[in-house]
Each structure stands twice: as C-alpha cells, then as structure tokens.
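Next up, data.cif (mmCIF, C-alpha atoms and all ligand atoms):
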```cif
data_coords
loop_
_atom_site.label_atom_id
_atom_site.label_comp_id
_atom_site.auth_asym_id
_atom_site.auth_seq_id
_atom_site.Cartn_x
_atom_site.Cartn_y
_atom_site.Cartn_z
CA MET X 1 0.00 0.00 0.00
CA ARG X 2 2.91 2.34 0.41
CA PHE X 3 3.77 2.76 -3.22
CA PRO X 4 0.53 4.33 -4.47
CA VAL X 5 0.69 7.02 -1.77
CA LEU X 6 3.97 8.65 -2.74
CA PRO X 7 3.13 9.45 -6.39
CA VAL X 8 -0.13 11.09 -5.26
CA LEU X 9 1.71 13.33 -2.82
CA VAL X 10 4.29 14.30 -5.42
CA PHE X 11 1.51 15.08 -7.86
CA CYS X 12 -0.24 17.33 -5.32
CA PHE X 13 2.90 19.30 -4.54
CA ALA X 14 3.61 19.75 -8.22
CA SER X 15 0.05 21.02 -8.75
CA ILE X 16 0.35 23.53 -5.93
CA ALA X 17 3.70 24.77 -7.16
CA THR X 18 2.47 25.37 -10.70
CA ALA X 19 -0.91 26.79 -9.66
CA GLN X 20 0.80 29.65 -7.82
CA SER X 21 2.45 31.38 -10.73
CA THR X 22 1.21 30.15 -14.06
CA ALA X 23 -1.96 32.15 -14.74
CA HIS X 24 -1.89 32.69 -18.48
CA TRP X 25 -1.12 36.21 -19.68
CA ASP X 26 -0.72 37.96 -23.00
CA TYR X 27 0.19 41.29 -24.57
CA LEU X 28 -3.30 41.98 -25.96
CA GLY X 29 -6.95 41.52 -24.97
CA LYS X 30 -8.46 40.24 -21.74
CA GLU X 31 -5.15 38.91 -20.48
CA GLY X 32 -3.23 41.97 -21.63
CA PRO X 33 -0.88 44.22 -19.61
CA LEU X 34 -3.61 46.39 -18.04
CA ARG X 35 -5.08 43.27 -16.41
CA TRP X 36 -1.91 41.34 -15.47
CA GLY X 37 -2.22 42.37 -11.80
CA LYS X 38 -5.74 40.89 -11.62
CA LEU X 39 -4.99 37.56 -13.31
CA ASP X 40 -3.23 36.03 -10.33
CA PRO X 41 -2.48 37.17 -6.75
CA ALA X 42 1.17 36.39 -7.53
CA TYR X 43 1.07 39.11 -10.21
CA ALA X 44 -0.12 41.89 -7.84
CA ALA X 45 3.07 43.92 -8.31
CA CYS X 46 2.15 44.38 -12.00
CA SER X 47 -0.66 46.77 -10.97
CA GLU X 48 0.31 47.84 -7.44
CA GLY X 49 4.08 48.28 -7.74
CA HIS X 50 5.65 51.72 -7.85
CA GLU X 51 8.96 50.65 -9.40
CA GLN X 52 7.76 48.98 -12.59
CA SER X 53 9.49 48.61 -15.96
CA PRO X 54 9.77 49.63 -18.72
CA ILE X 55 9.92 53.43 -18.39
CA ASP X 56 10.54 56.33 -20.70
CA ILE X 57 14.16 57.45 -20.31
CA ARG X 58 14.36 61.23 -19.99
CA ASN X 59 15.89 63.85 -17.68
CA ALA X 60 18.70 61.47 -16.72
CA ARG X 61 21.21 62.93 -14.26
CA LEU X 62 24.91 62.53 -14.99
CA ASN X 63 26.68 60.66 -12.18
CA LYS X 64 30.41 60.57 -12.86
CA ALA X 65 30.90 58.18 -9.93
CA LEU X 66 29.19 55.40 -11.94
CA GLN X 67 31.80 53.03 -13.34
CA PRO X 68 31.59 51.35 -16.74
CA ILE X 69 30.03 47.88 -16.57
CA GLU X 70 32.70 45.16 -16.79
CA PHE X 71 31.64 42.48 -19.27
CA HIS X 72 33.15 39.01 -18.96
CA TYR X 73 31.17 37.16 -21.61
CA VAL X 74 32.46 33.87 -23.04
CA THR X 75 31.65 31.96 -26.21
CA GLY X 76 29.58 28.83 -25.66
CA SER X 77 26.71 26.65 -26.79
CA VAL X 78 23.19 28.00 -26.26
CA ILE X 79 19.64 26.69 -26.23
CA GLU X 80 16.91 28.69 -27.95
CA GLU X 81 13.42 28.39 -26.51
CA ASN X 82 10.07 29.71 -27.72
CA ASN X 83 8.14 30.23 -24.45
CA GLY X 84 5.02 31.68 -26.06
CA HIS X 85 5.97 35.25 -25.12
CA THR X 86 9.39 35.62 -26.72
CA ILE X 87 12.49 33.73 -27.84
CA VAL X 88 14.69 33.02 -24.80
CA VAL X 89 18.32 32.06 -25.32
CA ASN X 90 19.62 30.10 -22.33
CA VAL X 91 23.39 30.26 -21.84
CA LYS X 92 25.75 28.01 -19.93
CA PRO X 93 27.35 29.34 -16.73
CA GLY X 94 30.57 31.31 -17.22
CA SER X 95 29.50 34.70 -18.56
CA TYR X 96 29.12 37.50 -16.02
CA ILE X 97 29.22 41.25 -15.49
CA VAL X 98 30.48 43.41 -12.64
CA ALA X 99 28.28 46.46 -12.09
CA GLU X 100 28.41 48.86 -9.14
CA GLY X 101 30.84 46.43 -7.49
CA VAL X 102 28.47 43.44 -7.72
CA ARG X 103 29.08 40.33 -9.81
CA TYR X 104 26.03 39.07 -11.71
CA GLU X 105 25.99 35.84 -13.75
CA LEU X 106 24.35 35.90 -17.18
CA ILE X 107 21.37 33.49 -17.13
CA GLN X 108 19.61 34.12 -20.44
CA PHE X 109 18.77 36.78 -22.98
CA HIS X 110 15.52 37.39 -24.88
CA PHE X 111 13.91 39.83 -27.27
CA HIS X 112 11.08 42.36 -27.44
CA HIS X 113 9.43 43.78 -30.57
CA PRO X 114 9.22 46.73 -30.54
CA ALA X 115 11.66 47.86 -27.82
CA GLU X 116 10.24 48.28 -24.30
CA GLU X 117 12.30 51.18 -22.94
CA THR X 118 11.65 54.39 -24.85
CA VAL X 119 14.01 57.37 -24.95
CA LYS X 120 12.21 60.73 -24.82
CA GLY X 121 9.15 58.92 -26.16
CA LYS X 122 10.91 57.26 -29.09
CA TYR X 123 10.53 53.51 -29.66
CA SER X 124 13.33 51.47 -31.22
CA ASP X 125 12.54 48.55 -33.51
CA MET X 126 13.56 45.83 -31.05
CA GLU X 127 15.33 45.30 -27.74
CA VAL X 128 17.39 42.52 -26.23
CA HIS X 129 17.37 41.97 -22.45
CA LEU X 130 20.42 40.24 -21.00
CA VAL X 131 19.25 38.89 -17.64
CA HIS X 132 21.82 38.45 -14.85
CA LYS X 133 21.64 37.22 -11.26
CA SER X 134 23.98 37.81 -8.33
CA ALA X 135 24.96 35.15 -5.78
CA ASP X 136 22.39 36.57 -3.34
CA GLY X 137 19.61 36.52 -5.93
CA LYS X 138 19.57 40.15 -7.10
CA LEU X 139 18.67 40.67 -10.76
CA ALA X 140 20.37 43.04 -13.21
CA VAL X 141 19.12 43.45 -16.78
CA VAL X 142 21.25 44.98 -19.52
CA ALA X 143 18.90 46.36 -22.18
CA VAL X 144 20.16 47.04 -25.70
CA ARG X 145 17.81 48.81 -28.11
CA MET X 146 18.11 47.64 -31.70
CA ALA X 147 17.48 49.59 -34.89
CA GLU X 148 17.04 48.34 -38.44
CA ASP X 149 19.97 49.06 -40.73
CA VAL X 150 19.71 47.21 -44.03
CA ALA X 151 23.44 46.84 -44.47
CA LYS X 152 24.30 45.70 -40.95
CA PRO X 153 23.13 42.23 -39.96
CA ASN X 154 24.00 41.26 -36.38
CA ALA X 155 26.34 38.27 -36.09
CA VAL X 156 24.64 36.75 -33.02
CA LEU X 157 21.23 36.90 -34.66
CA ALA X 158 22.78 35.41 -37.81
CA ALA X 159 23.67 32.37 -35.68
CA LEU X 160 20.33 32.19 -33.84
CA TRP X 161 17.62 33.01 -36.35
CA PRO X 162 18.11 30.17 -38.90
CA GLN X 163 17.12 27.71 -36.14
CA ILE X 164 14.52 29.94 -34.44
CA PRO X 165 11.92 27.69 -32.74
CA ARG X 166 8.57 28.66 -34.29
CA ALA X 167 6.10 26.83 -32.05
CA LYS X 168 5.44 27.59 -28.39
CA GLY X 169 7.34 25.19 -26.15
CA ASP X 170 9.91 24.27 -28.77
CA THR X 171 13.59 24.32 -27.84
CA VAL X 172 16.60 24.04 -30.14
CA LYS X 173 20.29 23.55 -29.43
CA VAL X 174 21.96 26.07 -31.71
CA THR X 175 24.62 24.63 -34.02
CA ASP X 176 26.96 27.63 -33.87
CA MET X 177 28.68 28.74 -30.69
CA VAL X 178 27.54 32.17 -29.53
CA ASN X 179 29.23 35.02 -27.65
CA PRO X 180 26.57 37.30 -26.11
CA GLY X 181 29.11 40.14 -26.36
CA GLY X 182 28.01 40.40 -29.99
CA LEU X 183 24.80 41.97 -28.70
CA LEU X 184 26.57 44.94 -27.10
CA PRO X 185 27.09 48.25 -28.91
CA ALA X 186 30.59 49.71 -29.28
CA ASP X 187 29.88 52.61 -26.91
CA ARG X 188 29.11 51.33 -23.42
CA GLY X 189 27.52 54.50 -22.03
CA TYR X 190 24.35 53.61 -20.11
CA TRP X 191 21.38 54.88 -18.16
CA THR X 192 20.52 53.11 -14.93
CA TYR X 193 17.45 52.95 -12.68
CA THR X 194 15.66 50.54 -10.36
CA GLY X 195 12.69 48.72 -11.88
CA SER X 196 11.06 45.34 -12.34
CA LEU X 197 10.64 42.35 -14.59
CA THR X 198 8.52 43.51 -17.55
CA THR X 199 6.49 40.28 -17.57
CA PRO X 200 4.37 38.69 -14.80
CA PRO X 201 5.02 38.40 -11.89
CA CYS X 202 6.59 41.91 -12.45
CA THR X 203 8.97 41.37 -9.52
CA GLU X 204 10.63 44.61 -8.34
CA GLY X 205 14.17 45.31 -7.13
CA VAL X 206 15.68 44.75 -10.58
CA ARG X 207 18.68 46.92 -11.50
CA TRP X 208 18.35 48.16 -15.09
CA PHE X 209 21.22 49.25 -17.33
CA VAL X 210 19.98 50.63 -20.65
CA PHE X 211 22.65 51.32 -23.25
CA GLU X 212 22.52 54.74 -24.86
CA GLU X 213 23.75 53.51 -28.23
CA GLU X 214 21.50 51.36 -30.40
CA LEU X 215 22.65 48.12 -32.01
CA ALA X 216 22.05 47.52 -35.71
CA LEU X 217 20.20 44.54 -37.15
CA SER X 218 19.23 43.92 -40.76
CA ARG X 219 15.71 44.30 -42.14
CA ASP X 220 15.49 40.52 -42.65
CA GLN X 221 16.54 39.88 -39.05
CA LEU X 222 13.91 42.31 -37.78
CA ARG X 223 11.27 40.70 -40.00
CA THR X 224 12.14 37.18 -38.82
CA PHE X 225 11.37 38.08 -35.22
CA GLY X 226 8.47 40.43 -36.05
CA THR X 227 6.70 37.69 -38.00
CA LEU X 228 6.86 35.42 -34.96
CA TYR X 229 6.16 38.08 -32.31
CA ARG X 230 4.40 41.09 -33.80
CA MET X 231 4.02 42.87 -30.44
CA ASN X 232 5.60 41.64 -27.21
CA ALA X 233 6.40 44.89 -25.43
CA ARG X 234 4.80 45.97 -22.15
CA PRO X 235 3.52 49.59 -22.17
CA ILE X 236 5.58 52.32 -20.48
CA GLN X 237 5.09 52.48 -16.70
CA GLU X 238 4.84 55.46 -14.33
CA PRO X 239 8.25 56.57 -13.01
CA HIS X 240 6.79 57.56 -9.57
CA GLY X 241 9.70 59.93 -8.96
CA ARG X 242 12.47 57.43 -9.63
CA LYS X 243 15.92 58.73 -10.46
CA ILE X 244 17.49 57.89 -13.80
CA GLU X 245 21.26 58.28 -13.86
CA ALA X 246 23.70 58.34 -16.77
CA ASN X 247 27.34 57.24 -16.45
CA GLU X 248 28.67 59.53 -19.19
ZN ZN S 301 12.53 41.39 -21.36
#
```

Please express what this file holds, its structure, as structure tokens.
Amino acid sequence: MRFPVLPVLVFCFASIATAQSTAHWDYLGKEGPLRWGKLDPAYAACSEGHEQSPIDIRNARLNKALQPIEFHYVTGSVIEENNGHTIVVNVKPGSYIVAEGVRYELIQFHFHHPAEETVKGKYSDMEVHLVHKSADGKLAVVAVRMAEDVAKPNAVLAALWPQIPRAKGDTVKVTDMVNPGGLLPADRGYWTYTGSLTTPPCTEGVRWFVFEEELALSRDQLRTFGTLYRMNARPIQEPHGRKIEANE
C-alpha cells in the first residue's frame, strides 16, 4: 500500500507549485498588460508596484561616480526556446558582469518587438534583455535597443535566427557557438534605474542598465522576429519619482 501514496503526494505538490504562478497572460486583450495584476495574486506587483518597468528614459542625471560595466562574456553553446511570449536564449554558466561592485551571472537573454524602454518617447525597432543574477539573488538586466539598418546584420542573430523555434514550447540547441558580447554596442555609455521584470510576476528590485547607443540589425533579421512576435512589449510604466542616472 505504500507505493501508491507517494506518487499522489508528489503530484499534489507539483500542482500547488504550478498553480501559484502560471496564470496565463498575454500582450493583448483580456489577459493583456492592463489586467496582469488581476490575473493572479502572484502578479499583484504588475498593478500595485511603484517601481515597474519599462519606463521612458528622460531627464537622466549625470553621475560621474558610476563606473563602466565590466563584461566578462564567453563563447559557448546555447539553447533557444520559444516560451510563447518571446524567444529566450539560455546560456551556460561562465559569462558575467560586474556592475556597481556586484558580480552578476548571465542566465539568459531574450527579445522584445518593438523595444520596451523608450528614450524621450521614441521607440526602437527591437530590444534585447540580457538577464543576470547575483549570488544573493539580485537581478540586473542589460537592455540594448536595436534599430534596423539594411546593411548591418547582427552576427549573433545570424547564428540564432536560422534555427529559431517557431512553435510555443519548442527548444533548439543552436549549431553555432555564440558570444553574447556580440549583442553589445561599441559605446558602453548607459542609463541606470531601479525597476522590475517587464512580464508577470513583475517582480521589483531589478537593476536596469539601458545602453545609450542602439545596435544595428538587418531588415530581414527584424522581420524574422516580427513575424513570430508582432508585439511583445509591455507599455511604459509610471516613473513615480524614480531617479534615472547616466554614467557619461
Ligand atoms: Zn525582457
């Protein structure tokens, strides 16, 4: 009689764990961004938080004490995943940044179309979010806005897009090795502020670093993602008096 009991218990725990944070959400309609906070108690921060992302970058204050971000990205194999909201590229451990004296490991990067952060109200064509985590669980996102430039395909996207997983739930091990450093612009000047995840559960306490310079991608590369995800950008959130600082 013992054996049947254990699987039932395991099943119950699994059900509880998934029920807490998997209310379905979307970018449009009844499950769209204006209703995220109501879809699940775990998503309350989406509507009640006062440090939400993305925001419109304007009136940034120069802070010369801010150091450049140190990037220690390495080339490695990656797994592309279509999670139904974006394409997530999961990287192996080994790449990290040092920002404001804290080391954060790169976990994954993913894309938004159009960009989420605006600059003085202007939207870029796309944005990549490089998501990092420190040893004590703090999150730092490096956001790079991308702009179409017919003559300038991006080398990382050239490796990723031919194998882009088209159906929700699909994952693909990419044939080519990838260095996420290929997603960084030449000029490393940035704006920084404290915000949140831009998808449910909209968790706050996330350090944002938004590069001032845009990265080029080709028209075909933009179209490849835009065909798959026409609109996966959360609307701009209230700043609620937050400071935006620039390092140069
Ligand atoms: Zn994102």

How big is the axis-aligned box around all listed atoms of stretch 19-36 of chain X once 3 Å goes on each side, and where's its centre, in Å to one decimal, as AutoDock Vina command-line options?
```
--center_x -3.0 --center_y 36.6 --center_z -16.9 --size_x 16.9 --size_y 25.6 --size_z 24.1
```

Would you mind listing what lies within 10 Å of stretch 133-143 of chain X as a PDB file with C-alpha atoms, keeping the file's coordinate frame, with all atoms listed in the file counted and same-chain residues fewer than 5 positions away left out?
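Saved to part_6.pdb:
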```
ATOM      1  CA  ILE X  69      30.030  47.880 -16.570  1.00  0.00           C
ATOM      2  CA  TYR X  96      29.120  37.500 -16.020  1.00  0.00           C
ATOM      3  CA  ILE X  97      29.220  41.250 -15.490  1.00  0.00           C
ATOM      4  CA  VAL X  98      30.480  43.410 -12.640  1.00  0.00           C
ATOM      5  CA  ALA X  99      28.280  46.460 -12.090  1.00  0.00           C
ATOM      6  CA  VAL X 102      28.470  43.440  -7.720  1.00  0.00           C
ATOM      7  CA  ARG X 103      29.080  40.330  -9.810  1.00  0.00           C
ATOM      8  CA  TYR X 104      26.030  39.070 -11.710  1.00  0.00           C
ATOM      9  CA  GLU X 105      25.990  35.840 -13.750  1.00  0.00           C
ATOM     10  CA  LEU X 106      24.350  35.900 -17.180  1.00  0.00           C
ATOM     11  CA  ILE X 107      21.370  33.490 -17.130  1.00  0.00           C
ATOM     12  CA  GLN X 108      19.610  34.120 -20.440  1.00  0.00           C
ATOM     13  CA  PHE X 109      18.770  36.780 -22.980  1.00  0.00           C
ATOM     14  CA  HIS X 110      15.520  37.390 -24.880  1.00  0.00           C
ATOM     15  CA  PHE X 111      13.910  39.830 -27.270  1.00  0.00           C
ATOM     16  CA  ALA X 115      11.660  47.860 -27.820  1.00  0.00           C
ATOM     17  CA  GLU X 116      10.240  48.280 -24.300  1.00  0.00           C
ATOM     18  CA  GLU X 117      12.300  51.180 -22.940  1.00  0.00           C
ATOM     19  CA  GLU X 127      15.330  45.300 -27.740  1.00  0.00           C
ATOM     20  CA  VAL X 128      17.390  42.520 -26.230  1.00  0.00           C
ATOM     21  CA  LEU X 183      24.800  41.970 -28.700  1.00  0.00           C
ATOM     22  CA  LEU X 184      26.570  44.940 -27.100  1.00  0.00           C
ATOM     23  CA  TYR X 190      24.350  53.610 -20.110  1.00  0.00           C
ATOM     24  CA  TRP X 191      21.380  54.880 -18.160  1.00  0.00           C
ATOM     25  CA  THR X 192      20.520  53.110 -14.930  1.00  0.00           C
ATOM     26  CA  THR X 194      15.660  50.540 -10.360  1.00  0.00           C
ATOM     27  CA  GLY X 195      12.690  48.720 -11.880  1.00  0.00           C
ATOM     28  CA  SER X 196      11.060  45.340 -12.340  1.00  0.00           C
ATOM     29  CA  LEU X 197      10.640  42.350 -14.590  1.00  0.00           C
ATOM     30  CA  THR X 203       8.970  41.370  -9.520  1.00  0.00           C
ATOM     31  CA  GLU X 204      10.630  44.610  -8.340  1.00  0.00           C
ATOM     32  CA  GLY X 205      14.170  45.310  -7.130  1.00  0.00           C
ATOM     33  CA  VAL X 206      15.680  44.750 -10.580  1.00  0.00           C
ATOM     34  CA  ARG X 207      18.680  46.920 -11.500  1.00  0.00           C
ATOM     35  CA  TRP X 208      18.350  48.160 -15.090  1.00  0.00           C
ATOM     36  CA  PHE X 209      21.220  49.250 -17.330  1.00  0.00           C
ATOM     37  CA  VAL X 210      19.980  50.630 -20.650  1.00  0.00           C
ATOM     38  CA  PHE X 211      22.650  51.320 -23.250  1.00  0.00           C
ATOM     39  CA  GLU X 212      22.520  54.740 -24.860  1.00  0.00           C
ATOM     40  CA  GLU X 214      21.500  51.360 -30.400  1.00  0.00           C
TER      41      GLU X 214
END
```

What's the separation between atom CA of X:Ala151 and atom CA of X:Leu222, in Å to one decimal place?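 Between atom CA of X:Ala151 and atom CA of X:Leu222 the gap is 12.5 Å.
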
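Using all atoms listed in the file, the residues found no farther than 6 Å from stretch 230-242 of chain X, other than those of its own chain fewer than 6 positions away, are Ser53, Pro54, Ile55, His112, His113 and Glu116 of chain X.
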
Mind checking which residues fall within 6 Å of X:Glu148, counting all atoms listed in the file, ignoring those fewer than 6 positions away in the same chain, and posting them as a ChimeraX atom specification? /X:216-219

For X:His24, which of X:Lys38, X:Arg61, X:His72, X:Lys243 is the closest residue, counting all atoms listed in the file?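 Looking only at the distances to X:His24, the closest residue turns out to be X:Lys38.
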
Using atom CA of X:Thr224 and atom CA of X:Leu157 as the two end points, give the distance in Å to one decimal.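 The value is 10.0 Å.
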
note - atom CA of X:Thr198 and atom CA of X:Asp220 are separated by 26.2 Å

Residue neighbourhood stretch 163-170 of chain X, 12 Å, all atoms listed in the file, exclusion window fewer than 5 positions, as a list in words: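 With the cut-off at 12 Å, the set is Val78, Ile79, Glu80, Glu81, Asn82, Asn83, Gly84, His85, Thr86, Ile87, Val88, Val89, Leu157, Ala158, Thr175, Asp176, Gln221, Thr224, Phe225, Gly226, Thr227, Leu228 and Tyr229 of chain X.
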
Emit the selected residues as a PDB file, keeping the file's coordinate frame, including C-alpha atoms.
```pdb
ATOM      1  CA  VAL X  78      23.190  28.000 -26.260  1.00  0.00           C
ATOM      2  CA  ILE X  79      19.640  26.690 -26.230  1.00  0.00           C
ATOM      3  CA  GLU X  80      16.910  28.690 -27.950  1.00  0.00           C
ATOM      4  CA  GLU X  81      13.420  28.390 -26.510  1.00  0.00           C
ATOM      5  CA  ASN X  82      10.070  29.710 -27.720  1.00  0.00           C
ATOM      6  CA  ASN X  83       8.140  30.230 -24.450  1.00  0.00           C
ATOM      7  CA  GLY X  84       5.020  31.680 -26.060  1.00  0.00           C
ATOM      8  CA  HIS X  85       5.970  35.250 -25.120  1.00  0.00           C
ATOM      9  CA  THR X  86       9.390  35.620 -26.720  1.00  0.00           C
ATOM     10  CA  ILE X  87      12.490  33.730 -27.840  1.00  0.00           C
ATOM     11  CA  VAL X  88      14.690  33.020 -24.800  1.00  0.00           C
ATOM     12  CA  VAL X  89      18.320  32.060 -25.320  1.00  0.00           C
ATOM     13  CA  LEU X 157      21.230  36.900 -34.660  1.00  0.00           C
ATOM     14  CA  ALA X 158      22.780  35.410 -37.810  1.00  0.00           C
ATOM     15  CA  THR X 175      24.620  24.630 -34.020  1.00  0.00           C
ATOM     16  CA  ASP X 176      26.960  27.630 -33.870  1.00  0.00           C
ATOM     17  CA  GLN X 221      16.540  39.880 -39.050  1.00  0.00           C
ATOM     18  CA  THR X 224      12.140  37.180 -38.820  1.00  0.00           C
ATOM     19  CA  PHE X 225      11.370  38.080 -35.220  1.00  0.00           C
ATOM     20  CA  GLY X 226       8.470  40.430 -36.050  1.00  0.00           C
ATOM     21  CA  THR X 227       6.700  37.690 -38.000  1.00  0.00           C
ATOM     22  CA  LEU X 228       6.860  35.420 -34.960  1.00  0.00           C
ATOM     23  CA  TYR X 229       6.160  38.080 -32.310  1.00  0.00           C
TER      24      TYR X 229
END
```

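Shortest separation to X:Leu34 among X:Val131, X:Val150, X:Cys46, X:Val156 occurs at residue X:Cys46, atoms counted being all atoms listed in the file.
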
Option closest in space to ligand ZN 301 (chain S), from X:Pro153, X:His132, X:Asp40, X:Lys120 [counting all atoms listed in the file]: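 Using all atoms listed in the file, ligand ZN 301 (chain S) sits closest to X:His132.
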
For ligand ZN 301 (chain S), which residue among X:Val91, X:Met126, X:Leu215, X:Ile57 is the nearest when counting all atoms listed in the file? X:Met126

So which one's closest to X:Ala44, X:Ala246, X:Pro201, X:Arg58, X:Asn63? Using only C-alpha atoms, please.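 The closest residue to X:Ala44 is X:Pro201.
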
Just want the 8 Å neighbourhood of X:Gly76, counted on only C-alpha atoms, with same-chain residues fewer than 3 positions away dropped. Output as a tab-separated table (two decimals) with C-alpha atoms, in the frame of the given file.
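As written to disk, around-v9.tsv reads:
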```tsv
chain	number	residue	atom	x	y	z
X	91	VAL	CA	23.39	30.26	-21.84
X	92	LYS	CA	25.75	28.01	-19.93
X	177	MET	CA	28.68	28.74	-30.69
X	178	VAL	CA	27.54	32.17	-29.53
X	179	ASN	CA	29.23	35.02	-27.65
```
